[in-house]
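The block underneath contains the structure these notes are about, expressed in structure tokens.
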Amino acid sequence: MAAGKQCDSKQQWEVIKKSFFIEGNLSDISDGEDDLALVIRLVQQLGAGQLVLDLALDAIWVALRQSIVPKFWSNFVIYNSQRCGKDDDPGEGSVEVMSRVATAISELYDSAVSFLPQIHRCEMLCEHSGAKFEECIPGGMMEHFKLHLRATLHSQMPTSFTNLLHKFYSAAFKVFYHAEVGNQVEESDETTDEAMQCGGCDAATDACHCQAITNTFCQVNRQLLELDLLERLAGDIISSLLLSVITDHVSATCRDSYDQSRISQLEKWVENVVIGWLEVVYCGGRGQLSSADSAIQTMVANNLNQTYMTALYHTYTTTRIDQLFNIVIEYPESQPALEDIRECLDRTHLRNHLVESLRSAIQTRLLHPGVNTTDVLHAYISAIKALRVLDPKGVLLELVSEPVRQYLRGREDTVRYIVTSLTDESCSELSEELLVAAPLVLDDSHSDDDNMDFWETWTPDPVHAHSLKSKSQRTADIISMLVNIYGSKDVFITEYRTILADRILSQFSYDTEREIRYLEHLKVRFGETLALLHKCEVMVKDVADSKRINSSINSDENPRREKQKFPVSCMILSAQFWPSFKEERLQLPEEVMKELDTYTEAFQDLKGNRTLNWKPHLGQVQVEIELKNRTLNLTVTPTQATVIYHFQERSRWSIGDLSTITQVPKTVLRRKITFWQTQGVLQEVESDVFVLVEGEELGDKGHTATVGVSQPDIAPPAIEEDEAESVMASAQDQREEELQVFWSYIVGMLTNLDSLPLERIHAMLKMFVQGSVECSPQELRAFLDRKVRQHQLIFTNGLYKLPKN
């Protein structure tokens, strides 16, 4: 009896094993529902529902680990071993890759489908016997199977897997891109080649594989989607491929092109190409998104669309940031590119990268001695305009431009160039800014944020703004920004005063309409109360007064007019209002001095107790030179006129003799003589010996035809240096003159106290010379050291004292 029961139990167990694939042979599974119902009832009678379910599922997992998944991955390993060391044939390689992947995926798909009956039996067993699988896994038995399949695949994934799948999706995208974009190019290109190559699969057009590749691609994606493996196996590969495609396309589109807006064009390209290809991947074709599952619709239309649009903005902004220095320099032609960057900056977090990259480019390409100050200033002005397109609040400008301001502050010619550009009609960039009547902004302690008139459009400052200058300074106009390089109006007005003096004394024109116009604009910008601008007004008034006085003195009513051998016009300057002049020694001919004395007497008669202190080296002289075969009418400097005047007395002079009679240093005199050499009037016949050239033609080797003097081999005259050099003293000379105010005080101190250290002298000067010229300890030390070199002071043991007589 016991043996019979044991025999029945074995038979029952054999039936159960065959029904639930416990021995791993799917071919033994019966498809009949009635048989399954009997087996499940038998399992219930035996109370072995949980045991049977666990054994059945374990058999499936073993089959996945030991058979199905290894066989799937072997396709990739075998392919890579076969391709190792072989040169890729582009057309054949694409087809082979597609075939290899399609075969592997199809085998995996068929194997997974073969488990569906067993999974269905396990579900029925759970439903009728009360058996349970892992409750922590959401979804039904099919989801449980897919999870194990994914886990097994990832646990045995070979390293070469991603390479092959990347080739698979790259080949498919190339075919898709060629179908979307390439046909337009081919229509415009004519060729006579019979075996024209297909742009999609790289095969000959008569053997194109594009349609086969597309069909295989759609089939593979559909099978992976059904197994819920597409995103797990290929998601990263698809993402990497598309990001690379976006980067390449953005780089090609934006290469050295700044005058057109590109972001809208690129957005449409992403929608048509990138999102269009994703529809093919996840939905099986273009325009199939609406018929796909809601989960796929959400993923493609929302998540992936947003992901790749964000990648587009990031890539575009990064590309433009690398080009930003050129974009800034080419403003305003590059404004469309700047507007694109501004739009993308609001969608990315690349402000810090932009600041660091542009500062580095400026430091490398702009702020070095090889770049002229004019170029640095033009770049700075372009940066002000361009960066305000990116950030109207001025925060980016403040962060980027600080190194430029520091560098310009250290260049000596910065102020002169700025002021010259402001008052020069040919420099329209800054002179037009001056014509805009707006007060200068230097400092502002309050914020415009308190103004509630535009509260609806108010936006907060960026996070960096709290550590920067006030908002009014950051949004000031270009002239205010340039003045803020030094932080003081006086520096610019002082330089303008010097330039104004140069213009008046170099042109000797009585037409001051232009200067008055610019002076009025400067008064609006810098304020009328500045004492230096008042001095400029006096300088301009001196010109008008000089014109009136000259008309009076040179009129026919003046009794001295008949005694004049030649007319004299004078520019009469109010000395205390003009900058210091460049001092040069010049002894005018006696005949000229008499005419100047006559003019002085006439001026004294006109002005009563006022007289004139002549600057003989300044001015212009109109001369007429009559030579043997020609006559020259020239306008020259007083020194040049004096030089040629003495050649009336004798035709041969040495530099030494001319220097003695004119009291002009030899080095300066040689430079002045060079002018007459270039005019062909004087010629150097010996070293430092010059003769008058009467004839117009010169013989061989520069010998004069009319002067019977043999000339040795003398170097040809150097090109004359610019005679329009400044007639005013240099900034260093003017500062030296200002410091002379201290000298009498210093002499008095040292006379009474014998010797003093630098610190004590500086402290006493601050006490006794309040309101006068300011002087730092460094400037005072340099001034005293110059006095020591001039033997006017003695410096020993850190003390200064006067020398003993």
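In the structure tokens, chains take letters A, B, ... by order of appearance, with residues numbered from 1 within each chain and ligands from 1 in the order shown.
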
Report as CSV the residues of stretch 307-411 of chain A within 9 Å of stretch 416-422 of chain A, each with its shortest atom pair and distance in Å (one decimal), using only C-alpha atoms, ordered by chain and increasing residue number.
```
residue,atom,partner,partner_atom,distance
A:Thr373,CA,A:Tyr417,CA,8.0
A:Thr374,CA,A:Tyr417,CA,7.0
A:Leu377,CA,A:Ile418,CA,8.1
```

Enumerate, as a PyMOL selection string, the complete set of residues in stretch 209-417 of chain A that a backbone-based DSSP assignment places in alpha helix (DSSP H). chain A and resi 210-226+235-253+263-269+275-283+294-298+305-322+324-329+335-345+351-365+373-390+395-409+414-417

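The shortest atom-to-atom distance to A:Val400, with only C-alpha atoms taken into account, belongs to A:Ser360 out of A:Ser360, A:Asn75, A:Thr796, A:Thr600.
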
Can you pull out the residues contacting A:Ile504? Cut-off 12 Å, using only C-alpha atoms, and skip same-chain residues under 2 positions away; I want them as an mmCIF file with N, CA, C and O atoms, in the first residue's frame.
```cif
data_model
loop_
_atom_site.group_PDB
_atom_site.id
_atom_site.type_symbol
_atom_site.label_atom_id
_atom_site.label_comp_id
_atom_site.auth_asym_id
_atom_site.auth_seq_id
_atom_site.Cartn_x
_atom_site.Cartn_y
_atom_site.Cartn_z
ATOM 1 N N ARG A 497 43.115 120.438 -21.167
ATOM 2 C CA ARG A 497 43.719 121.776 -21.157
ATOM 3 C C ARG A 497 45.031 121.771 -21.934
ATOM 4 O O ARG A 497 45.328 122.688 -22.712
ATOM 5 N N THR A 498 45.841 120.732 -21.745
ATOM 6 C CA THR A 498 47.106 120.634 -22.473
ATOM 7 C C THR A 498 46.873 120.442 -23.969
ATOM 8 O O THR A 498 47.543 121.054 -24.809
ATOM 9 N N ILE A 499 45.902 119.578 -24.327
ATOM 10 C CA ILE A 499 45.613 119.333 -25.736
ATOM 11 C C ILE A 499 45.045 120.593 -26.389
ATOM 12 O O ILE A 499 45.381 120.921 -27.539
ATOM 13 N N LEU A 500 44.179 121.307 -25.659
ATOM 14 C CA LEU A 500 43.629 122.553 -26.193
ATOM 15 C C LEU A 500 44.745 123.558 -26.477
ATOM 16 O O LEU A 500 44.765 124.217 -27.533
ATOM 17 N N ALA A 501 45.694 123.665 -25.559
ATOM 18 C CA ALA A 501 46.823 124.569 -25.765
ATOM 19 C C ALA A 501 47.638 124.139 -26.979
ATOM 20 O O ALA A 501 48.068 124.971 -27.788
ATOM 21 N N ASP A 502 47.853 122.838 -27.123
ATOM 22 C CA ASP A 502 48.591 122.326 -28.285
ATOM 23 C C ASP A 502 47.892 122.697 -29.587
ATOM 24 O O ASP A 502 48.528 123.118 -30.556
ATOM 25 N N SER A 506 49.624 125.170 -32.186
ATOM 26 C CA SER A 506 50.187 124.494 -33.355
ATOM 27 C C SER A 506 49.510 124.965 -34.639
ATOM 28 O O SER A 506 50.139 125.016 -35.698
ATOM 29 N N GLN A 507 48.229 125.326 -34.558
ATOM 30 C CA GLN A 507 47.511 125.766 -35.752
ATOM 31 C C GLN A 507 47.574 127.284 -35.933
ATOM 32 O O GLN A 507 47.488 127.780 -37.044
ATOM 33 N N PHE A 508 47.692 128.028 -34.821
ATOM 34 C CA PHE A 508 47.695 129.491 -34.859
ATOM 35 C C PHE A 508 46.521 130.021 -35.677
ATOM 36 O O PHE A 508 46.662 130.902 -36.517
ATOM 37 N N SER A 509 45.380 129.384 -35.434
ATOM 38 C CA SER A 509 44.152 129.812 -36.102
ATOM 39 C C SER A 509 43.272 130.527 -35.097
ATOM 40 O O SER A 509 43.170 130.126 -33.933
ATOM 41 N N TYR A 510 42.619 131.583 -35.545
ATOM 42 C CA TYR A 510 41.740 132.351 -34.669
ATOM 43 C C TYR A 510 40.307 131.829 -34.696
ATOM 44 O O TYR A 510 39.444 132.391 -34.041
ATOM 45 N N ASP A 511 40.071 130.763 -35.457
ATOM 46 C CA ASP A 511 38.738 130.169 -35.521
ATOM 47 C C ASP A 511 38.585 129.181 -34.367
ATOM 48 O O ASP A 511 39.136 128.080 -34.399
ATOM 49 N N THR A 512 37.847 129.582 -33.348
ATOM 50 C CA THR A 512 37.704 128.749 -32.145
ATOM 51 C C THR A 512 36.283 128.196 -32.003
ATOM 52 O O THR A 512 35.910 127.739 -30.919
ATOM 53 N N GLU A 513 35.507 128.213 -33.055
ATOM 54 C CA GLU A 513 34.120 127.751 -32.962
ATOM 55 C C GLU A 513 34.058 126.289 -32.545
ATOM 56 O O GLU A 513 33.256 125.898 -31.683
ATOM 57 N N ARG A 514 34.907 125.495 -33.144
ATOM 58 C CA ARG A 514 34.922 124.063 -32.812
ATOM 59 C C ARG A 514 35.317 123.840 -31.365
ATOM 60 O O ARG A 514 34.693 123.039 -30.660
ATOM 61 N N GLU A 515 36.343 124.550 -30.905
ATOM 62 C CA GLU A 515 36.795 124.368 -29.528
ATOM 63 C C GLU A 515 35.743 124.842 -28.535
ATOM 64 O O GLU A 515 35.548 124.227 -27.479
ATOM 65 N N CYS A 536 40.182 126.811 -19.206
ATOM 66 C CA CYS A 536 40.041 126.525 -20.634
ATOM 67 C C CYS A 536 39.229 127.621 -21.327
ATOM 68 O O CYS A 536 39.530 127.999 -22.467
ATOM 69 N N MET A 539 41.498 130.458 -21.931
ATOM 70 C CA MET A 539 42.409 130.179 -23.037
ATOM 71 C C MET A 539 41.741 130.458 -24.378
ATOM 72 O O MET A 539 42.335 131.055 -25.282
ATOM 73 N N VAL A 540 40.495 130.025 -24.522
ATOM 74 C CA VAL A 540 39.775 130.276 -25.766
ATOM 75 C C VAL A 540 39.522 131.771 -25.932
ATOM 76 O O VAL A 540 39.620 132.321 -27.046
ATOM 77 N N LYS A 541 39.225 132.436 -24.828
ATOM 78 C CA LYS A 541 38.997 133.890 -24.890
ATOM 79 C C LYS A 541 40.276 134.623 -25.290
ATOM 80 O O LYS A 541 40.224 135.645 -26.002
ATOM 81 N N ASP A 542 41.434 134.101 -24.867
ATOM 82 C CA ASP A 542 42.706 134.722 -25.260
ATOM 83 C C ASP A 542 42.872 134.744 -26.772
ATOM 84 O O ASP A 542 43.455 135.688 -27.337
ATOM 85 N N VAL A 543 42.393 133.717 -27.432
ATOM 86 C CA VAL A 543 42.513 133.670 -28.889
ATOM 87 C C VAL A 543 41.709 134.800 -29.527
ATOM 88 O O VAL A 543 42.190 135.508 -30.427
ATOM 89 N N ALA A 544 40.456 134.966 -29.062
ATOM 90 C CA ALA A 544 39.622 136.042 -29.611
ATOM 91 C C ALA A 544 40.230 137.410 -29.310
ATOM 92 O O ALA A 544 40.241 138.302 -30.168
ATOM 93 N N SER A 546 43.402 138.074 -28.854
ATOM 94 C CA SER A 546 44.604 138.233 -29.678
ATOM 95 C C SER A 546 44.236 138.688 -31.081
ATOM 96 O O SER A 546 44.919 139.538 -31.676
ATOM 97 N N MET A 571 50.019 135.810 -30.647
ATOM 98 C CA MET A 571 49.026 135.111 -29.831
ATOM 99 C C MET A 571 49.334 135.470 -28.382
ATOM 100 O O MET A 571 50.328 135.021 -27.811
ATOM 101 N N ILE A 572 48.481 136.311 -27.799
ATOM 102 C CA ILE A 572 48.734 136.843 -26.457
ATOM 103 C C ILE A 572 48.013 135.964 -25.453
ATOM 104 O O ILE A 572 46.786 135.827 -25.479
ATOM 105 N N LEU A 573 48.771 135.363 -24.556
ATOM 106 C CA LEU A 573 48.255 134.357 -23.631
ATOM 107 C C LEU A 573 48.310 134.861 -22.197
ATOM 108 O O LEU A 573 49.289 135.496 -21.792
ATOM 109 N N TRP A 578 47.358 129.216 -18.534
ATOM 110 C CA TRP A 578 47.826 128.246 -19.528
ATOM 111 C C TRP A 578 48.762 127.234 -18.882
ATOM 112 O O TRP A 578 49.447 127.542 -17.906
ATOM 113 N N LEU A 618 58.371 129.650 -30.001
ATOM 114 C CA LEU A 618 57.017 129.237 -30.355
ATOM 115 C C LEU A 618 56.460 130.153 -31.431
ATOM 116 O O LEU A 618 56.692 131.363 -31.412
ATOM 117 N N GLY A 619 55.719 129.595 -32.362
ATOM 118 C CA GLY A 619 55.086 130.390 -33.386
ATOM 119 C C GLY A 619 55.305 129.818 -34.765
ATOM 120 O O GLY A 619 55.793 128.690 -34.944
ATOM 121 N N ALA A 724 55.037 118.745 -35.669
ATOM 122 C CA ALA A 724 53.814 119.042 -34.941
ATOM 123 C C ALA A 724 53.871 118.489 -33.531
ATOM 124 O O ALA A 724 52.849 118.232 -32.912
ATOM 125 N N SER A 726 54.344 118.389 -29.487
ATOM 126 C CA SER A 726 53.697 119.266 -28.510
ATOM 127 C C SER A 726 54.601 120.430 -28.140
ATOM 128 O O SER A 726 55.805 120.270 -27.938
ATOM 129 N N VAL A 727 53.993 121.627 -28.091
ATOM 130 C CA VAL A 727 54.737 122.811 -27.641
ATOM 131 C C VAL A 727 54.634 122.973 -26.144
ATOM 132 O O VAL A 727 55.252 123.881 -25.572
ATOM 133 N N MET A 728 53.829 122.133 -25.499
ATOM 134 C CA MET A 728 53.662 122.234 -24.055
ATOM 135 C C MET A 728 54.686 121.342 -23.357
ATOM 136 O O MET A 728 55.203 120.377 -23.923
#
```

For this session: Extract, using only C-alpha atoms, all DNA, RNA and protein residues at most 12 Å from stretch 112-114 of chain A, discarding same-chain residues fewer than 4 positions from it, and format them as a PyMOL selection string.
Result: chain A and resi 21+25-27+29+60-61+63-64+67-69+72+105-108+118-120+142+145-146+148-150+223-224+226-229

Report task. Give the answer as one residue: which of A:Arg781, A:Glu180, A:Thr205, A:Ala295 has the shortest atom-to-atom distance to A:Asn272, using only C-alpha atoms? Result ->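 Looking at the shortest contact to A:Asn272, the residue is A:Glu180.
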
Give me, as a list of chain:residue names, all polymer residues having an atom no more than 8 Å from stretch 298-307 of chain A, counting only C-alpha atoms and skipping those fewer than 3 positions away in the same chain. A:Glu271, A:Ile275, A:Leu278, A:Glu279, A:Tyr282, A:Ser294, A:Ala295, A:Thr310, A:Ala311

Pick out the residues sitting within 8 Å of A:Thr214, and hand them over as a ChimeraX atom specification; count only C-alpha atoms, and ignore anything fewer than 2 positions along from it in its own chain. /A:172,175-176,210-212,216-218

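Between atom CA of A:Arg411 and atom CA of A:Leu434 the separation is 23.0 Å.
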
**Study point:** Polymer residues at most 9 Å from A:Leu758, only C-alpha atoms, same-chain spacing of 3 or more positions, as a list in words
**Key:** Ile761, His762, Ala763, Pro777, Leu780, Arg781, Leu784, Gly798, Leu799 and Tyr800 of chain A

Query - Separation of atom CA of A:Ser569 from atom CA of A:Ser552, in Å and rounded to one decimal - result: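 Result for atom CA of A:Ser569 versus atom CA of A:Ser552: 10.6 Å, one decimal.
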
Min atom-atom distance to A:Gln679 from the set A:Leu345, A:Leu55, A:Leu634, A:Ala641, counting only C-alpha atoms, belongs to A:Leu634
